[in-house]
Amino acid sequence: MSLKQRPSLFGRISMGLVFLFLYAPIFVLIVFSFNNSKSRTVWQGFTLKWYAELFQDSQIMNSLYTTLLVALLSAAIATVAGTFASIGFYNMKRRVREPLMTVNNIPMMNADIVTGVSLCLFFVAAFAGWDAFVTWMEQTYRLTAPRLSMGFGTLLIAHVSFNIPYVILSVMPKLRQMDKHLIDAAQDLGCTWMQAFWKVVVPEIKPGIVNGMLIAFTMSVDDFVISYFTAGAKTSTLAMTIYGMAKRRISPKMNAVSTLLFVSVLLLLIIVNVREARQEKARQAKR
């Protein structure tokens, strides 16, 4: 009996050490976000003033607004595009689908620095070509057009581009689990293809769509490297603002904003897990 208990005890200790190694720095950050001093080593009393100063800092608030807006828009666009792309892949023949799925996996396996630099070079080349075209139009036909530069638009395009593969990988398994004859059965009962899509396909793959959207939102909020190369000089995300502040001096306001982000992600994960647990119980009850 003792031989059987030793691996279990060792496994629990190992798991505890892993969690301690992962979350101890975050716990220290959260504790010192309530410290009454700017010191990062000495506790001098509880306070909420850093949170008050955080919400009064216009630079951080503007960056947070930009981050959330880009995350919401990119997650919505990537979810729609990725869902329809998944359906297209699903209806392809295997010899065509497999190479395309491999290409779809490349952005996720690729280093962020490579993706960021390549997107930056693409935008610079595209805008240079557009500027040359506008110059030719002005000199030839005396027509004017706006000049383009990197900013919110390029940042949004970049986030959509690296979010789409995650949505595709989330939706594809649900499509494979779906009965291939459901659409034909719905059409035999009088549904058009679009009605069959909304009333049959979407409910079947809805968990994959929701998971893909949550992953896309999280990846967008978490991104720094790609945003750094594609945001331009006038647009800044929260990660970029924190990086700029850290180069000067680490302010307790950074601890406060990091704590809020951690708590937000934690609440989101709890909501998703509770939702999935309730859905699983409902399925088992139906059986």
# chains A, B, ... in the order shown; residues from 1 in each chain; ligands from 1
call {"tool": "residues_around", "arguments": {"residues": "Ala231 in chain A", "least_positions_apart": "3", "cutoff": "10 Å", "atoms": "only C-alpha atoms", "output": "JSON, numbers by chain"}}
result
{"A": [120, 149, 150, 151, 152, 153, 154, 155, 156, 158, 226, 227, 228, 234, 235, 236, 237, 240]}
call {"tool": "write_last_selection", "arguments": {"atoms": "N, CA, C and O atoms", "output": "mmCIF file, in the first residue's frame"}}
result
data_model
loop_
_atom_site.group_PDB
_atom_site.id
_atom_site.type_symbol
_atom_site.label_atom_id
_atom_site.label_comp_id
_atom_site.auth_asym_id
_atom_site.auth_seq_id
_atom_site.Cartn_x
_atom_site.Cartn_y
_atom_site.Cartn_z
ATOM 1 N N CYS A 120 5.080 44.435 -40.898
ATOM 2 C CA CYS A 120 5.571 45.806 -40.982
ATOM 3 C C CYS A 120 6.129 46.101 -42.374
ATOM 4 O O CYS A 120 5.813 47.137 -42.974
ATOM 5 N N SER A 149 -0.766 55.629 -43.654
ATOM 6 C CA SER A 149 0.336 55.364 -42.730
ATOM 7 C C SER A 149 -0.115 54.332 -41.713
ATOM 8 O O SER A 149 -1.311 54.080 -41.547
ATOM 9 N N MET A 150 0.835 53.753 -41.032
ATOM 10 C CA MET A 150 0.513 52.727 -40.036
ATOM 11 C C MET A 150 -0.145 53.357 -38.814
ATOM 12 O O MET A 150 0.256 54.429 -38.360
ATOM 13 N N GLY A 151 -1.169 52.686 -38.305
ATOM 14 C CA GLY A 151 -1.914 53.185 -37.158
ATOM 15 C C GLY A 151 -2.917 52.142 -36.701
ATOM 16 O O GLY A 151 -2.639 50.935 -36.728
ATOM 17 N N PHE A 152 -4.098 52.599 -36.330
ATOM 18 C CA PHE A 152 -5.115 51.695 -35.804
ATOM 19 C C PHE A 152 -5.540 50.657 -36.841
ATOM 20 O O PHE A 152 -5.750 49.488 -36.518
ATOM 21 N N GLY A 153 -5.663 51.085 -38.100
ATOM 22 C CA GLY A 153 -6.095 50.162 -39.157
ATOM 23 C C GLY A 153 -5.118 49.028 -39.369
ATOM 24 O O GLY A 153 -5.521 47.856 -39.459
ATOM 25 N N THR A 154 -3.834 49.338 -39.460
ATOM 26 C CA THR A 154 -2.833 48.283 -39.652
ATOM 27 C C THR A 154 -2.744 47.382 -38.424
ATOM 28 O O THR A 154 -2.524 46.178 -38.547
ATOM 29 N N LEU A 155 -2.911 47.972 -37.239
ATOM 30 C CA LEU A 155 -2.909 47.173 -36.014
ATOM 31 C C LEU A 155 -4.063 46.181 -36.008
ATOM 32 O O LEU A 155 -3.891 44.999 -35.669
ATOM 33 N N LEU A 156 -5.233 46.628 -36.433
ATOM 34 C CA LEU A 156 -6.401 45.743 -36.479
ATOM 35 C C LEU A 156 -6.207 44.630 -37.503
ATOM 36 O O LEU A 156 -6.514 43.458 -37.237
ATOM 37 N N ALA A 158 -3.413 43.358 -38.547
ATOM 38 C CA ALA A 158 -2.414 42.418 -38.032
ATOM 39 C C ALA A 158 -3.020 41.469 -37.011
ATOM 40 O O ALA A 158 -2.763 40.252 -37.046
ATOM 41 N N ILE A 226 3.907 41.835 -32.191
ATOM 42 C CA ILE A 226 3.295 42.163 -33.483
ATOM 43 C C ILE A 226 2.696 43.567 -33.439
ATOM 44 O O ILE A 226 2.801 44.335 -34.416
ATOM 45 N N SER A 227 2.081 43.924 -32.320
ATOM 46 C CA SER A 227 1.528 45.273 -32.185
ATOM 47 C C SER A 227 2.624 46.324 -32.244
ATOM 48 O O SER A 227 2.439 47.406 -32.821
ATOM 49 N N TYR A 228 3.768 46.036 -31.670
ATOM 50 C CA TYR A 228 4.875 46.985 -31.644
ATOM 51 C C TYR A 228 5.346 47.343 -33.052
ATOM 52 O O TYR A 228 5.728 48.485 -33.317
ATOM 53 N N LYS A 234 1.516 56.763 -33.611
ATOM 54 C CA LYS A 234 0.436 57.457 -32.918
ATOM 55 C C LYS A 234 -0.494 56.523 -32.156
ATOM 56 O O LYS A 234 -1.339 56.988 -31.385
ATOM 57 N N THR A 235 -0.399 55.227 -32.370
ATOM 58 C CA THR A 235 -1.282 54.264 -31.714
ATOM 59 C C THR A 235 -0.472 53.396 -30.760
ATOM 60 O O THR A 235 0.634 52.971 -31.096
ATOM 61 N N SER A 236 -1.024 53.150 -29.584
ATOM 62 C CA SER A 236 -0.316 52.366 -28.579
ATOM 63 C C SER A 236 -1.298 51.487 -27.827
ATOM 64 O O SER A 236 -2.358 51.945 -27.397
ATOM 65 N N THR A 237 -0.946 50.225 -27.691
ATOM 66 C CA THR A 237 -1.749 49.312 -26.880
ATOM 67 C C THR A 237 -1.271 49.361 -25.432
ATOM 68 O O THR A 237 -0.258 49.991 -25.109
ATOM 69 N N MET A 240 2.230 47.966 -24.974
ATOM 70 C CA MET A 240 3.258 48.898 -25.438
ATOM 71 C C MET A 240 3.458 50.042 -24.449
ATOM 72 O O MET A 240 4.584 50.480 -24.205
#
call {"tool": "residues_around", "arguments": {"residues": "Ala145 in chain A", "least_positions_apart": "5", "cutoff": "12 Å", "atoms": "only C-alpha atoms", "output": "JSON list (two decimals) with C-alpha atoms, in the first residue's frame"}}
result
[["chain", "number", "residue", "atom", "x", "y", "z"],
["A", 130, "TRP", "CA", -0.07, 53.76, -52.76],
["A", 131, "ASP", "CA", 1.84, 57.02, -52.21],
["A", 132, "ALA", "CA", 3.49, 56.63, -55.62],
["A", 133, "PHE", "CA", 0.09, 56.08, -57.21],
["A", 134, "VAL", "CA", -1.37, 59.14, -55.46],
["A", 135, "THR", "CA", 1.59, 61.25, -56.60],
["A", 136, "TRP", "CA", 1.05, 60.10, -60.19],
["A", 137, "MET", "CA", -2.66, 60.91, -59.95],
["A", 138, "GLU", "CA", -1.90, 64.39, -58.62]]
call {"tool": "residues_around", "arguments": {"residues": "Met109 in chain A", "least_positions_apart": "5", "cutoff": "12 Å", "atoms": "only C-alpha atoms", "output": "mmCIF file with N, CA and C atoms, in the first residue's frame"}}
result
data_model
loop_
_atom_site.group_PDB
_atom_site.id
_atom_site.type_symbol
_atom_site.label_atom_id
_atom_site.label_comp_id
_atom_site.auth_asym_id
_atom_site.auth_seq_id
_atom_site.Cartn_x
_atom_site.Cartn_y
_atom_site.Cartn_z
ATOM 1 N N THR A 102 -1.928 22.868 -43.114
ATOM 2 C CA THR A 102 -0.520 23.056 -42.738
ATOM 3 C C THR A 102 -0.117 24.516 -42.865
ATOM 4 N N VAL A 103 -0.551 25.149 -43.960
ATOM 5 C CA VAL A 103 -0.286 26.583 -44.132
ATOM 6 C C VAL A 103 -0.968 27.389 -43.035
ATOM 7 N N ASN A 104 -2.166 26.976 -42.640
ATOM 8 C CA ASN A 104 -2.886 27.670 -41.573
ATOM 9 C C ASN A 104 -2.149 27.575 -40.242
ATOM 10 N N VAL A 114 9.061 37.380 -36.224
ATOM 11 C CA VAL A 114 9.059 37.207 -37.675
ATOM 12 C C VAL A 114 7.742 37.701 -38.268
ATOM 13 N N THR A 115 6.629 37.353 -37.623
ATOM 14 C CA THR A 115 5.324 37.813 -38.091
ATOM 15 C C THR A 115 5.224 39.330 -38.028
ATOM 16 N N PHE A 162 -3.432 37.114 -37.329
ATOM 17 C CA PHE A 162 -2.898 36.028 -36.491
ATOM 18 C C PHE A 162 -3.965 35.383 -35.620
ATOM 19 N N PRO A 165 -6.178 31.758 -37.645
ATOM 20 C CA PRO A 165 -5.797 30.340 -37.494
ATOM 21 C C PRO A 165 -6.297 29.701 -36.203
ATOM 22 N N TYR A 166 -6.341 30.446 -35.100
ATOM 23 C CA TYR A 166 -6.823 29.889 -33.836
ATOM 24 C C TYR A 166 -8.322 29.582 -33.916
#
call {"tool": "select_by_dssp", "arguments": {"residues": "range 25-247 of chain A", "states": "alpha helix (DSSP H)", "output": "MDAnalysis selection string"}}
result
chainID A and resid 25:32 49:56 58:90 94:109 112:141 152:177 182:188 193:196 202:222 225:230 238:247
call {"tool": "closest_residue", "arguments": {"among": "A:Ile77, A:Ile113, A:Leu17, A:Leu48", "to": "Phe32 in chain A", "atoms": "only C-alpha atoms"}}
result
A:Leu48
call {"tool": "residues_around", "arguments": {"residues": "Gln187 in chain A", "least_positions_apart": "6", "cutoff": "9 Å", "atoms": "only C-alpha atoms", "output": "PyMOL selection string"}}
result
chain A and resi 193+195-196
call {"tool": "write_last_selection", "arguments": {"atoms": "N, CA and C atoms", "output": "PDB file, in the first residue's frame"}}
result
ATOM      1  N   TRP A 193     -30.339  26.438 -48.085  1.00  0.00           N
ATOM      2  CA  TRP A 193     -28.993  26.199 -47.564  1.00  0.00           C
ATOM      3  C   TRP A 193     -28.685  27.163 -46.434  1.00  0.00           C
ATOM      4  N   GLN A 195     -30.833  28.654 -44.372  1.00  0.00           N
ATOM      5  CA  GLN A 195     -31.601  28.277 -43.194  1.00  0.00           C
ATOM      6  C   GLN A 195     -30.989  27.055 -42.510  1.00  0.00           C
ATOM      7  N   ALA A 196     -30.530  26.112 -43.300  1.00  0.00           N
ATOM      8  CA  ALA A 196     -29.875  24.929 -42.731  1.00  0.00           C
ATOM      9  C   ALA A 196     -28.579  25.315 -42.025  1.00  0.00           C
TER      10      ALA A 196
END
call {"tool": "atom_distance", "arguments": {"atom1": "CA of Gly212 in chain A", "atom2": "CA of Met178 in chain A"}}
result
17.2 Å
call {"tool": "atom_distance", "arguments": {"atom1": "CA of Thr259 in chain A", "atom2": "CA of Ile26 in chain A"}}
result
8.1 Å
call {"tool": "closest_residue", "arguments": {"among": "A:Lys253, A:Arg176, A:Lys281, A:His159", "to": "Gly116 in chain A", "atoms": "only C-alpha atoms"}}
result
A:His159
call {"tool": "closest_residue", "arguments": {"among": "A:Phe10, A:Ala282, A:Met254, A:Leu143", "to": "Asp57 in chain A", "atoms": "only C-alpha atoms"}}
result
A:Met254
